[in-house]
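Trainee: File structure-v2.txt below, compact mmCIF, C-alpha atoms:
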# COMPACT_ATOMS: atom_id res chain seq x y z
CA MET A 6 -13.76 -27.23 11.76
CA PRO A 7 -12.58 -23.60 11.68
CA LEU A 8 -9.45 -23.01 9.65
CA THR A 9 -6.32 -22.03 11.60
CA LEU A 10 -3.98 -19.64 9.79
CA THR A 11 -0.37 -20.35 10.73
CA GLN A 12 1.43 -18.14 8.20
CA LEU A 13 0.44 -15.51 5.67
CA SER A 14 1.67 -17.58 2.74
CA ASP A 15 -1.14 -20.06 3.54
CA LEU A 16 -3.61 -17.60 2.03
CA ALA A 17 -2.25 -18.21 -1.48
CA THR A 18 -3.02 -21.94 -1.37
CA LEU A 19 -6.33 -22.13 0.49
CA PRO A 20 -8.84 -24.54 -1.10
CA PHE A 21 -11.68 -21.98 -1.12
CA ASP A 22 -13.43 -20.22 -3.98
CA GLU A 23 -13.82 -16.95 -2.13
CA ILE A 24 -13.02 -15.26 1.17
CA ILE A 25 -15.98 -13.41 2.69
CA ASP A 26 -15.51 -10.71 5.30
CA VAL A 27 -18.81 -10.33 7.16
CA ARG A 28 -17.70 -7.42 9.34
CA SER A 29 -19.26 -4.00 8.94
CA PRO A 30 -18.24 -1.79 5.99
CA ALA A 31 -16.24 0.47 8.31
CA GLU A 32 -14.24 -2.46 9.69
CA PHE A 33 -13.65 -3.77 6.16
CA ALA A 34 -12.54 -0.34 4.90
CA GLU A 35 -9.91 -0.01 7.61
CA ASP A 36 -8.32 -3.35 6.69
CA HIS A 37 -9.19 -6.83 5.53
CA ILE A 38 -7.59 -10.01 4.27
CA PRO A 39 -6.38 -9.19 0.73
CA GLY A 40 -8.78 -10.45 -1.91
CA ALA A 41 -11.74 -10.77 0.46
CA ILE A 42 -15.15 -9.42 -0.49
CA ASN A 43 -17.36 -7.63 2.02
CA LEU A 44 -20.82 -9.09 2.67
CA PRO A 45 -21.67 -7.43 5.99
CA ALA A 46 -23.67 -9.38 8.51
CA MET A 47 -24.49 -5.97 10.01
CA SER A 48 -24.17 -2.42 8.75
CA ASN A 49 -22.12 0.12 10.69
CA ALA A 50 -25.23 1.47 12.42
CA GLU A 51 -26.65 -2.01 13.12
CA ARG A 52 -23.40 -3.16 14.70
CA ALA A 53 -23.30 -0.08 16.93
CA LYS A 54 -26.92 -0.61 17.94
CA VAL A 55 -26.44 -4.27 18.88
CA GLY A 56 -23.24 -3.48 20.77
CA THR A 57 -25.02 -0.81 22.82
CA ILE A 58 -27.85 -3.18 23.67
CA TYR A 59 -25.33 -5.88 24.68
CA VAL A 60 -23.56 -3.53 27.11
CA GLN A 61 -26.43 -1.44 28.43
CA ASP A 62 -29.39 -3.83 28.34
CA SER A 63 -28.97 -7.58 27.90
CA PRO A 64 -26.59 -9.90 26.02
CA PHE A 65 -29.57 -12.18 25.29
CA LYS A 66 -31.60 -9.35 23.79
CA ALA A 67 -28.60 -8.23 21.75
CA ARG A 68 -28.09 -11.73 20.34
CA LYS A 69 -31.77 -12.06 19.44
CA ILE A 70 -31.90 -8.71 17.68
CA GLY A 71 -28.54 -9.44 16.06
CA ALA A 72 -29.80 -12.75 14.70
CA ALA A 73 -32.75 -11.04 13.05
CA ILE A 74 -30.48 -8.42 11.49
CA VAL A 75 -28.03 -11.03 10.20
CA SER A 76 -30.86 -13.08 8.70
CA ARG A 77 -32.25 -10.07 6.82
CA ASN A 78 -28.86 -9.04 5.52
CA MET A 79 -27.94 -12.57 4.45
CA ALA A 80 -31.21 -12.82 2.53
CA ALA A 81 -30.17 -9.72 0.59
CA HIS A 82 -26.71 -11.16 -0.07
CA LEU A 83 -28.14 -14.50 -1.23
CA GLU A 84 -30.48 -12.72 -3.63
CA GLY A 85 -27.71 -10.35 -4.73
CA PRO A 86 -23.94 -11.02 -4.80
CA LEU A 87 -24.28 -14.76 -4.10
CA ALA A 88 -27.24 -15.41 -6.40
CA GLU A 89 -25.18 -16.99 -9.19
CA ARG A 90 -22.95 -19.23 -7.05
CA ASP A 91 -23.49 -22.89 -7.94
CA GLY A 92 -23.70 -25.94 -5.69
CA SER A 93 -19.93 -26.52 -5.59
CA TYR A 94 -19.25 -23.10 -4.09
CA ARG A 95 -16.82 -23.20 -1.16
CA PRO A 96 -16.46 -19.91 0.77
CA LEU A 97 -14.24 -19.06 3.73
CA VAL A 98 -15.97 -16.68 6.16
CA TYR A 99 -14.46 -14.51 8.85
CA CYS A 100 -15.48 -11.71 11.21
CA TRP A 101 -13.66 -9.77 13.92
CA ARG A 102 -12.61 -12.68 16.15
CA GLY A 103 -14.22 -15.72 14.56
CA GLY A 104 -17.32 -15.60 16.71
CA GLN A 105 -21.02 -15.12 16.24
CA ARG A 106 -21.17 -13.15 13.02
CA SER A 107 -19.05 -15.50 10.93
CA GLY A 108 -20.49 -18.53 12.68
CA SER A 109 -24.07 -17.43 12.00
CA VAL A 110 -23.33 -16.71 8.34
CA ALA A 111 -21.50 -20.02 7.89
CA ILE A 112 -24.46 -21.94 9.31
CA ILE A 113 -26.80 -20.35 6.76
CA LEU A 114 -24.39 -21.07 3.89
CA LYS A 115 -23.94 -24.68 5.02
CA GLN A 116 -27.66 -25.22 5.20
CA ILE A 117 -27.87 -24.26 1.53
CA GLY A 118 -25.36 -27.00 0.76
CA TRP A 119 -22.21 -24.96 0.32
CA ARG A 120 -18.99 -26.12 1.99
CA ALA A 121 -18.47 -23.01 4.06
CA ASP A 122 -15.88 -22.69 6.79
CA THR A 123 -14.68 -19.99 9.18
CA VAL A 124 -11.31 -18.62 10.27
CA GLU A 125 -10.26 -19.52 13.80
CA GLY A 126 -9.79 -16.22 15.62
CA GLY A 127 -11.17 -14.21 12.67
CA TYR A 128 -9.52 -11.01 11.48
CA GLN A 129 -7.61 -10.71 14.75
CA ALA A 130 -5.75 -13.96 14.01
CA TYR A 131 -4.81 -12.66 10.57
CA ARG A 132 -3.73 -9.31 12.01
CA ARG A 133 -1.44 -11.06 14.52
CA LEU A 134 0.37 -12.73 11.61
CA VAL A 135 0.79 -9.36 9.88
CA SER A 136 2.16 -7.78 13.06
CA LYS A 137 4.52 -10.71 13.62
CA ALA A 138 5.89 -10.41 10.08
CA LEU A 139 6.47 -6.66 10.28
CA TYR A 140 7.23 -5.96 13.92
CA ASP A 141 8.65 -9.12 15.53
CA GLY A 142 11.23 -10.31 13.03
CA ARG A 143 13.66 -9.32 10.31
CA MET A 144 13.21 -9.10 6.57
CA PRO A 145 13.49 -12.63 5.18
CA CYS A 146 15.77 -11.64 2.28
CA PRO A 147 18.39 -9.01 1.41
CA ILE A 148 17.22 -5.62 0.17
CA VAL A 149 18.74 -3.46 -2.57
CA LEU A 150 17.66 0.19 -2.63
CA ILE A 151 16.93 2.09 -5.84
CA ASP A 152 17.80 5.69 -4.98
CA GLY A 153 18.17 8.92 -6.91
CA GLY A 154 16.98 12.49 -7.05
CA THR A 155 13.39 13.45 -7.78
CA GLY A 156 12.48 12.66 -11.37
CA THR A 157 15.08 9.95 -12.01
CA ALA A 158 12.32 7.40 -12.77
CA LYS A 159 13.01 5.12 -9.83
CA THR A 160 9.49 3.66 -9.88
CA ARG A 161 9.66 2.99 -13.62
CA LEU A 162 13.00 1.21 -13.17
CA LEU A 163 11.41 -0.86 -10.42
CA ASP A 164 8.68 -1.85 -12.89
CA HIS A 165 11.29 -2.91 -15.46
CA LEU A 166 13.10 -4.98 -12.83
CA ALA A 167 9.84 -6.76 -12.00
CA GLN A 168 9.08 -7.36 -15.68
CA GLN A 169 12.46 -9.06 -16.04
CA GLY A 170 11.84 -11.41 -13.12
CA ALA A 171 13.45 -9.56 -10.22
CA GLN A 172 11.71 -9.42 -6.85
CA THR A 173 10.36 -5.96 -6.02
CA LEU A 174 8.22 -4.21 -3.44
CA ASP A 175 6.47 -1.10 -4.78
CA LEU A 176 5.96 0.76 -1.52
CA GLU A 177 4.53 3.86 -3.17
CA ALA A 178 1.84 1.84 -4.94
CA MET A 179 0.97 0.11 -1.66
CA ALA A 180 0.83 3.47 0.13
CA GLU A 181 -0.96 5.19 -2.80
CA HIS A 182 1.50 8.06 -2.47
CA ARG A 183 4.53 9.11 -4.51
CA GLY A 184 6.55 10.12 -1.48
CA SER A 185 6.56 13.93 -1.70
CA LEU A 186 4.33 16.94 -1.20
CA PHE A 187 3.07 16.32 -4.72
CA GLY A 188 2.66 12.64 -4.00
CA PRO A 189 -0.96 11.70 -3.14
CA MET A 190 -2.39 9.44 -5.86
CA GLY A 191 -6.00 9.77 -4.74
CA ALA A 192 -8.25 11.48 -2.25
CA ASN A 193 -7.02 9.37 0.66
CA GLN A 194 -4.25 6.95 1.47
CA PRO A 195 -5.17 3.53 2.88
CA SER A 196 -5.17 3.10 6.64
CA GLN A 197 -1.92 2.11 8.35
CA LYS A 198 -3.31 -1.40 8.88
CA ALA A 199 -4.34 -1.76 5.23
CA PHE A 200 -0.89 -0.60 4.11
CA GLU A 201 0.71 -3.14 6.41
CA SER A 202 -1.54 -5.87 5.02
CA ARG A 203 -0.39 -5.12 1.49
CA LEU A 204 3.23 -5.01 2.58
CA ALA A 205 3.08 -8.18 4.65
CA MET A 206 1.43 -10.12 1.84
CA GLY A 207 4.08 -8.84 -0.58
CA ILE A 208 6.83 -10.00 1.76
CA ALA A 209 5.12 -13.37 2.26
CA GLY A 210 5.52 -14.11 -1.43
CA ILE A 211 9.25 -13.37 -1.54
CA ASP A 212 11.93 -16.00 -2.16
CA PRO A 213 14.37 -15.48 0.75
CA ALA A 214 17.28 -16.73 -1.37
CA ARG A 215 17.01 -13.76 -3.74
CA PRO A 216 17.27 -9.99 -3.13
CA VAL A 217 14.26 -7.71 -3.33
CA TYR A 218 14.54 -4.26 -4.94
CA VAL A 219 12.86 -1.38 -3.10
CA GLU A 220 12.69 2.30 -3.92
CA ALA A 221 14.46 4.44 -1.33
CA GLU A 222 11.97 6.22 0.92
CA SER A 223 11.99 8.08 4.20
CA SER A 224 10.51 6.34 7.24
CA LYS A 225 7.10 7.69 6.18
CA ILE A 226 5.30 7.67 2.85
CA GLY A 227 2.74 10.42 3.16
CA ARG A 228 1.18 9.77 6.55
CA LEU A 229 1.99 6.02 6.57
CA ILE A 230 4.89 4.69 8.63
CA LEU A 231 7.23 1.98 7.37
CA PRO A 232 7.33 -0.86 9.94
CA PRO A 233 10.65 -1.40 11.72
CA SER A 234 11.65 -4.70 10.10
CA LEU A 235 11.60 -3.10 6.66
CA TRP A 236 12.95 0.30 7.68
CA GLN A 237 15.98 -1.15 9.49
CA ALA A 238 16.74 -3.35 6.51
CA MET A 239 16.50 -0.36 4.17
CA ILE A 240 18.91 1.69 6.30
CA ALA A 241 21.52 -1.08 6.10
CA ALA A 242 20.89 -1.98 2.43
CA PRO A 243 23.32 -1.42 -0.46
CA THR A 244 22.15 1.39 -2.72
CA LEU A 245 22.00 1.92 -6.47
CA ARG A 246 21.81 5.67 -7.12
CA LEU A 247 20.32 6.86 -10.41
CA ASN A 248 21.60 9.94 -12.20
CA ALA A 249 19.96 11.39 -15.30
CA PRO A 250 20.12 14.63 -17.34
CA LEU A 251 18.01 17.45 -15.96
CA ASP A 252 15.96 17.80 -19.16
CA ALA A 253 15.05 14.10 -19.01
CA ARG A 254 14.00 14.43 -15.37
CA VAL A 255 11.81 17.41 -16.15
CA ALA A 256 10.09 15.59 -19.00
CA HIS A 257 9.57 12.49 -16.83
CA LEU A 258 7.98 14.44 -13.97
CA ILE A 259 5.61 16.32 -16.24
CA THR A 260 4.42 12.95 -17.58
CA ALA A 261 4.34 11.28 -14.15
CA TYR A 262 2.19 13.96 -12.46
CA PRO A 263 -0.73 14.60 -14.84
CA ASP A 264 -3.06 15.11 -11.87
CA MET A 265 -1.18 18.26 -10.90
CA ARG A 266 -1.57 19.79 -14.36
CA ALA A 267 -5.24 18.78 -14.45
CA ASP A 268 -6.04 20.34 -11.06
CA THR A 269 -4.32 23.71 -10.78
CA ASP A 270 -6.03 24.50 -7.46
CA LYS A 271 -4.44 21.39 -5.97
CA LEU A 272 -1.06 22.35 -7.44
CA LEU A 273 -1.28 25.88 -6.03
CA GLN A 274 -2.16 24.52 -2.58
CA VAL A 275 0.92 22.30 -2.64
CA LEU A 276 3.15 25.17 -3.74
CA GLU A 277 1.79 27.26 -0.88
CA GLN A 278 3.19 24.68 1.54
CA LEU A 279 6.69 25.46 0.24
CA THR A 280 6.51 29.07 1.42
CA SER A 281 8.18 28.24 4.74
CA TYR A 282 11.15 26.80 2.83
CA HIS A 283 11.57 29.36 0.04
CA GLY A 284 9.64 32.49 0.98
CA HIS A 285 6.65 34.28 -0.51
CA ASP A 286 8.47 35.88 -3.44
CA CYS A 287 9.79 32.58 -4.76
CA VAL A 288 6.46 30.77 -4.36
CA THR A 289 4.65 33.69 -6.02
CA GLN A 290 6.92 33.28 -9.05
CA TRP A 291 6.13 29.57 -9.18
CA LYS A 292 2.41 30.30 -8.99
CA ALA A 293 2.80 32.68 -11.94
CA LEU A 294 4.31 29.82 -13.94
CA VAL A 295 1.23 27.73 -13.13
CA ALA A 296 -1.02 30.54 -14.37
CA ALA A 297 1.01 30.65 -17.59
CA GLN A 298 0.89 26.82 -17.82
CA ASP A 299 4.67 26.83 -18.09
CA TYR A 300 5.09 23.50 -16.34
CA GLN A 301 8.53 22.82 -17.81
CA THR A 302 10.06 25.94 -16.23
CA LEU A 303 8.20 25.28 -12.98
CA THR A 304 9.39 21.67 -12.78
CA ARG A 305 12.98 22.63 -13.52
CA ALA A 306 12.85 25.30 -10.81
CA LEU A 307 11.43 22.89 -8.25
CA ILE A 308 14.15 20.33 -8.98
CA GLU A 309 17.02 22.84 -8.81
CA THR A 310 15.72 24.97 -5.94
CA HIS A 311 13.85 22.54 -3.71
CA TYR A 312 14.34 18.85 -4.42
CA ASP A 313 18.01 18.49 -5.35
CA PRO A 314 19.35 20.53 -2.41
CA ARG A 315 17.19 18.56 0.02
CA TYR A 316 18.21 15.27 -1.58
CA ARG A 317 21.92 16.09 -1.33
CA ARG A 318 21.56 16.83 2.39
CA ILE A 319 19.59 13.65 3.10
CA SER A 320 21.72 11.31 0.96
CA ARG A 321 25.09 12.14 2.54
CA ASN A 322 24.58 9.45 5.19
CA HIS A 323 24.42 6.76 2.50
CA ALA A 324 27.07 8.16 0.15
CA ALA A 325 29.67 5.49 0.99
CA LYS A 326 27.29 2.66 0.13
CA ALA A 327 25.83 4.07 -3.06
CA GLN A 328 26.80 2.71 -6.47
CA GLU A 329 26.22 5.42 -9.05
CA LEU A 330 24.30 4.57 -12.24
CA PHE A 331 24.42 7.20 -14.98
CA LEU A 332 21.52 7.05 -17.44
CA LYS A 333 21.77 8.86 -20.79
CA ASP A 334 18.00 9.37 -20.80
CA LEU A 335 14.86 8.00 -19.13
CA SER A 336 13.35 6.16 -22.07
CA ASP A 337 11.86 2.73 -21.53
CA ALA A 338 14.65 1.23 -23.63
CA THR A 339 17.32 2.74 -21.37
CA LEU A 340 15.50 1.72 -18.20
CA ALA A 341 15.00 -1.84 -19.49
CA GLN A 342 18.68 -2.07 -20.35
CA THR A 343 19.64 -0.73 -16.92
CA ALA A 344 17.37 -3.28 -15.22
CA SER A 345 18.99 -6.07 -17.23
CA LYS A 346 22.47 -4.96 -16.17
CA ILE A 347 21.44 -4.75 -12.51
CA ILE A 348 20.02 -8.27 -12.55
CA ALA A 349 23.04 -9.67 -14.40
CA ARG A 350 25.41 -8.08 -11.88
CA GLN A 351 23.39 -9.46 -8.97
CA GLN A 352 23.43 -12.95 -10.46
CA ALA A 353 27.18 -12.74 -11.03
CA ASP A 354 27.74 -11.73 -7.41
CA ALA A 355 25.47 -14.44 -6.01
Could you write out this structure as structure tokens?
Mentor:
Amino acid sequence: MPLTLTQLSDLATLPFDEIIDVRSPAEFAEDHIPGAINLPAMSNAERAKVGTIYVQDSPFKARKIGAAIVSRNMAAHLEGPLAERDGSYRPLVYCWRGGQRSGSVAIILKQIGWRADTVEGGYQAYRRLVSKALYDGRMPCPIVLIDGGTGTAKTRLLDHLAQQGAQTLDLEAMAEHRGSLFGPMGANQPSQKAFESRLAMGIAGIDPARPVYVEAESSKIGRLILPPSLWQAMIAAPTLRLNAPLDARVAHLITAYPDMRADTDKLLQVLEQLTSYHGHDCVTQWKALVAAQDYQTLTRALIETHYDPRYRRISRNHAAKAQELFLKDLSDATLAQTASKIIARQQADA
């Protein structure tokens, strides 16, 4: 019988060896159940071809051609990625809506002797659970924001909190973006749906009786939008605001953004985007610092001229809620000690 997903936390305890997404590579790339592997029943082009035949010619003809395509592709998968699976292998298979693609693949796998099953409603059923978690309800536990000016090592503190057993959500890692013009971590961010999958699965694993620490962000991280359940909770959350010496912030940023030093063309393109804020003369001076590889002076100038003034304007709305934390430096020892104090204070207040 097809498996019915009732809540996202079910995915952590499923009695299957592997989850197989048999949708096309393009569908898989946009979003998929976390941890699933992609063994397409049809390629992107094959899926488009069969869909056109179904609409413009005949559903019967489309199904017949589709069956031949699926059979050929499954032969390749059985001789390739699945070649070493033994007789006890138990896969869970899904497609777009739990229909013909996953059903056809499951039949082939069952005939081999594997205990294959499908997901009732396919990816669409999973996506409804994600949407319900992020758009229809509230955050299941209290949030504490880690705030502070650019370069105050908020993400590193979040890591230390997690290492010491606190619950955290690393939104920037999920979004693959560090939350500023200099923020992209790779060539592309994930899709909005993929970001929401990561976030929803992170929330599903949270203990509602304990707070979760989240780095303060705007309502968007790069081009990705924070869903309303999380954003509303962040607006109302108590805030811990980090303060650190300017020299320590400069040193941290130079270490945290090696990609900008490695790709000067990319860095110059980002600086060009600041012209509307600071004018051509200022940006030209910053570009000269790049040419001289004087990244320390450049970073200090960006903090003092661009980031700190913008942060002070934005943070006024939360000033009454913020608890100030003054760090003597941004070493791992200091951040670990700060994390320990935060957790101890939270436990004392519980």
Trainee: Using all atoms listed in the file, can you tell me which of A:Cys146, A:Leu10, A:Gly153, A:Tyr300 comes closest to Pro263 (chain A)?
Mentor: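 Nearest to Pro263 (chain A): A:Tyr300.
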Trainee: At a cut-off of 10 Å, using all atoms listed in the file, what residues contact region 303-307 of chain A? Leave out same-chain residues fewer than 5 positions from it and give the result as a list of chain:residue names.
Mentor: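 My reading of the contact set: A:Thr155, A:Gly156, A:Leu251, A:Asp252, A:Arg254, A:Val255, A:Ala256, A:Leu258, A:Ile259, A:Leu276, A:Cys287, A:Gln290, A:Trp291, A:Lys292, A:Ala293, A:Leu294, A:Val295, A:Gln298, A:Tyr312, A:Asp313.
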Trainee: Rounded to one decimal in Å, what is the spacing between CA of Ala344 (chain A) and CA of Ile148 (chain A)?
Mentor: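 Straight-line distance from CA of Ala344 (chain A) to CA of Ile148 (chain A) works out to 15.6 Å.
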Trainee: Find the spatial neighbours of Leu166 (chain A), counting all atoms listed in the file, within a cut-off of 8 Å - ignore same-chain residues fewer than 6 positions away - and output them as a PyMOL selection string.
Mentor: chain A and resi 172-173+341+344-345+348
Trainee: I'd like the neighbourhood of region 53-58 of chain A as a list of chain:residue names, where a residue qualifies if any of its atoms comes within 8 Å (using all atoms listed in the file), though same-chain residues fewer than 5 positions away should be ignored.
Mentor: A:Ser63, A:Pro64, A:Lys66, A:Ala67, A:Arg68, A:Ile70, A:Gly71
Trainee: So, with all atoms listed in the file as the atoms that count, which of A:Ser29, A:Gln351, A:Asn193, A:Gln105 lies closest to Tyr218 (chain A)?
Mentor: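 Distance minimum relative to Tyr218 (chain A) lands on A:Gln351.
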Trainee: Could you work out how far CA of Thr269 (chain A) lies from CA of Ala296 (chain A), giving the answer in Å with one decimal?
Mentor: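 These two atoms are separated by 8.4 Å.
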Trainee: Using only C-alpha atoms, which of A:Thr11, A:Ala111, A:Val60, A:Glu89 sits nearest Asp26 (chain A)?
Mentor: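 Looking at the shortest contact to Asp26 (chain A), the residue is A:Ala111.
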Trainee: Please, which residues are within 9 Å of (-13.8, -20.4, -5.6) by the file's coordinates, counting all atoms listed in the file, and could they come as a PyMOL selection string?
Mentor: chain A and resi 20-24+93-96
Trainee: Would you work out the distance separating CA of Ser336 (chain A) from CA of Thr260 (chain A), expressed in Å to one decimal?
Mentor: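 Interatomic distance, CA of Ser336 (chain A) to CA of Thr260 (chain A): 12.1 Å.
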Trainee: Nearest to Met6 (chain A): which of A:Val219, A:Ala121, A:Leu114, A:Met79 is it, counting all atoms listed in the file?
Mentor: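 Of all the options, A:Ala121 lies closest to Met6 (chain A).
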Trainee: Counting all atoms listed in the file, figure out which residue out of A:Ala253, A:Ser185, A:Gln328, A:Asp299 gets nearest to Val275 (chain A).
Mentor: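 Closest residue, counting all atoms listed in the file: A:Ser185.
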Trainee: Hey, which of A:Glu125, A:Leu235, A:Asp164, A:Ala261 ends up closest to Gly188 (chain A)? Count all atoms listed in the file.
Mentor: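 Between A:Glu125, A:Leu235, A:Asp164, A:Ala261, the residue approaching Gly188 (chain A) most closely is A:Ala261.
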Trainee: Can you pull out the residues contacting Ala242 (chain A)? Cut-off 9 Å, using all atoms listed in the file, and skip same-chain residues under 4 positions away; I want them as a count of residues only.
Mentor: 7
Trainee: Restore N, CA and C atoms in region 194-208 of chain A and list the result as an mmCIF file, in the frame of the given file.
Mentor:
data_model
loop_
_atom_site.group_PDB
_atom_site.id
_atom_site.type_symbol
_atom_site.label_atom_id
_atom_site.label_comp_id
_atom_site.auth_asym_id
_atom_site.auth_seq_id
_atom_site.Cartn_x
_atom_site.Cartn_y
_atom_site.Cartn_z
ATOM 1 N N GLN A 194 -5.090 8.131 1.397
ATOM 2 C CA GLN A 194 -4.250 6.950 1.470
ATOM 3 C C GLN A 194 -5.000 5.839 2.218
ATOM 4 N N PRO A 195 -4.562 4.583 2.072
ATOM 5 C CA PRO A 195 -5.170 3.530 2.880
ATOM 6 C C PRO A 195 -4.828 3.747 4.356
ATOM 7 N N SER A 196 -5.503 3.036 5.223
ATOM 8 C CA SER A 196 -5.170 3.100 6.640
ATOM 9 C C SER A 196 -3.797 2.457 6.867
ATOM 10 N N GLN A 197 -3.209 2.725 8.020
ATOM 11 C CA GLN A 197 -1.920 2.110 8.350
ATOM 12 C C GLN A 197 -2.032 0.584 8.330
ATOM 13 N N LYS A 198 -3.133 0.052 8.854
ATOM 14 C CA LYS A 198 -3.310 -1.400 8.880
ATOM 15 C C LYS A 198 -3.442 -1.968 7.467
ATOM 16 N N ALA A 199 -4.174 -1.272 6.600
ATOM 17 C CA ALA A 199 -4.340 -1.760 5.230
ATOM 18 C C ALA A 199 -3.003 -1.732 4.491
ATOM 19 N N PHE A 200 -2.221 -0.676 4.703
ATOM 20 C CA PHE A 200 -0.890 -0.600 4.110
ATOM 21 C C PHE A 200 -0.028 -1.756 4.583
ATOM 22 N N GLU A 201 -0.093 -2.045 5.864
ATOM 23 C CA GLU A 201 0.710 -3.140 6.410
ATOM 24 C C GLU A 201 0.252 -4.489 5.878
ATOM 25 N N SER A 202 -1.050 -4.641 5.623
ATOM 26 C CA SER A 202 -1.540 -5.870 5.020
ATOM 27 C C SER A 202 -0.934 -6.075 3.632
ATOM 28 N N ARG A 203 -0.960 -5.026 2.838
ATOM 29 C CA ARG A 203 -0.390 -5.120 1.490
ATOM 30 C C ARG A 203 1.094 -5.455 1.548
ATOM 31 N N LEU A 204 1.793 -4.796 2.460
ATOM 32 C CA LEU A 204 3.230 -5.010 2.580
ATOM 33 C C LEU A 204 3.532 -6.419 3.077
ATOM 34 N N ALA A 205 2.827 -6.853 4.096
ATOM 35 C CA ALA A 205 3.080 -8.180 4.650
ATOM 36 C C ALA A 205 2.805 -9.284 3.644
ATOM 37 N N MET A 206 1.739 -9.127 2.854
ATOM 38 C CA MET A 206 1.430 -10.120 1.840
ATOM 39 C C MET A 206 2.488 -10.101 0.728
ATOM 40 N N GLY A 207 3.012 -8.916 0.401
ATOM 41 C CA GLY A 207 4.080 -8.840 -0.580
ATOM 42 C C GLY A 207 5.333 -9.552 -0.089
ATOM 43 N N ILE A 208 5.660 -9.350 1.174
ATOM 44 C CA ILE A 208 6.830 -10.000 1.760
ATOM 45 C C ILE A 208 6.632 -11.512 1.848
#
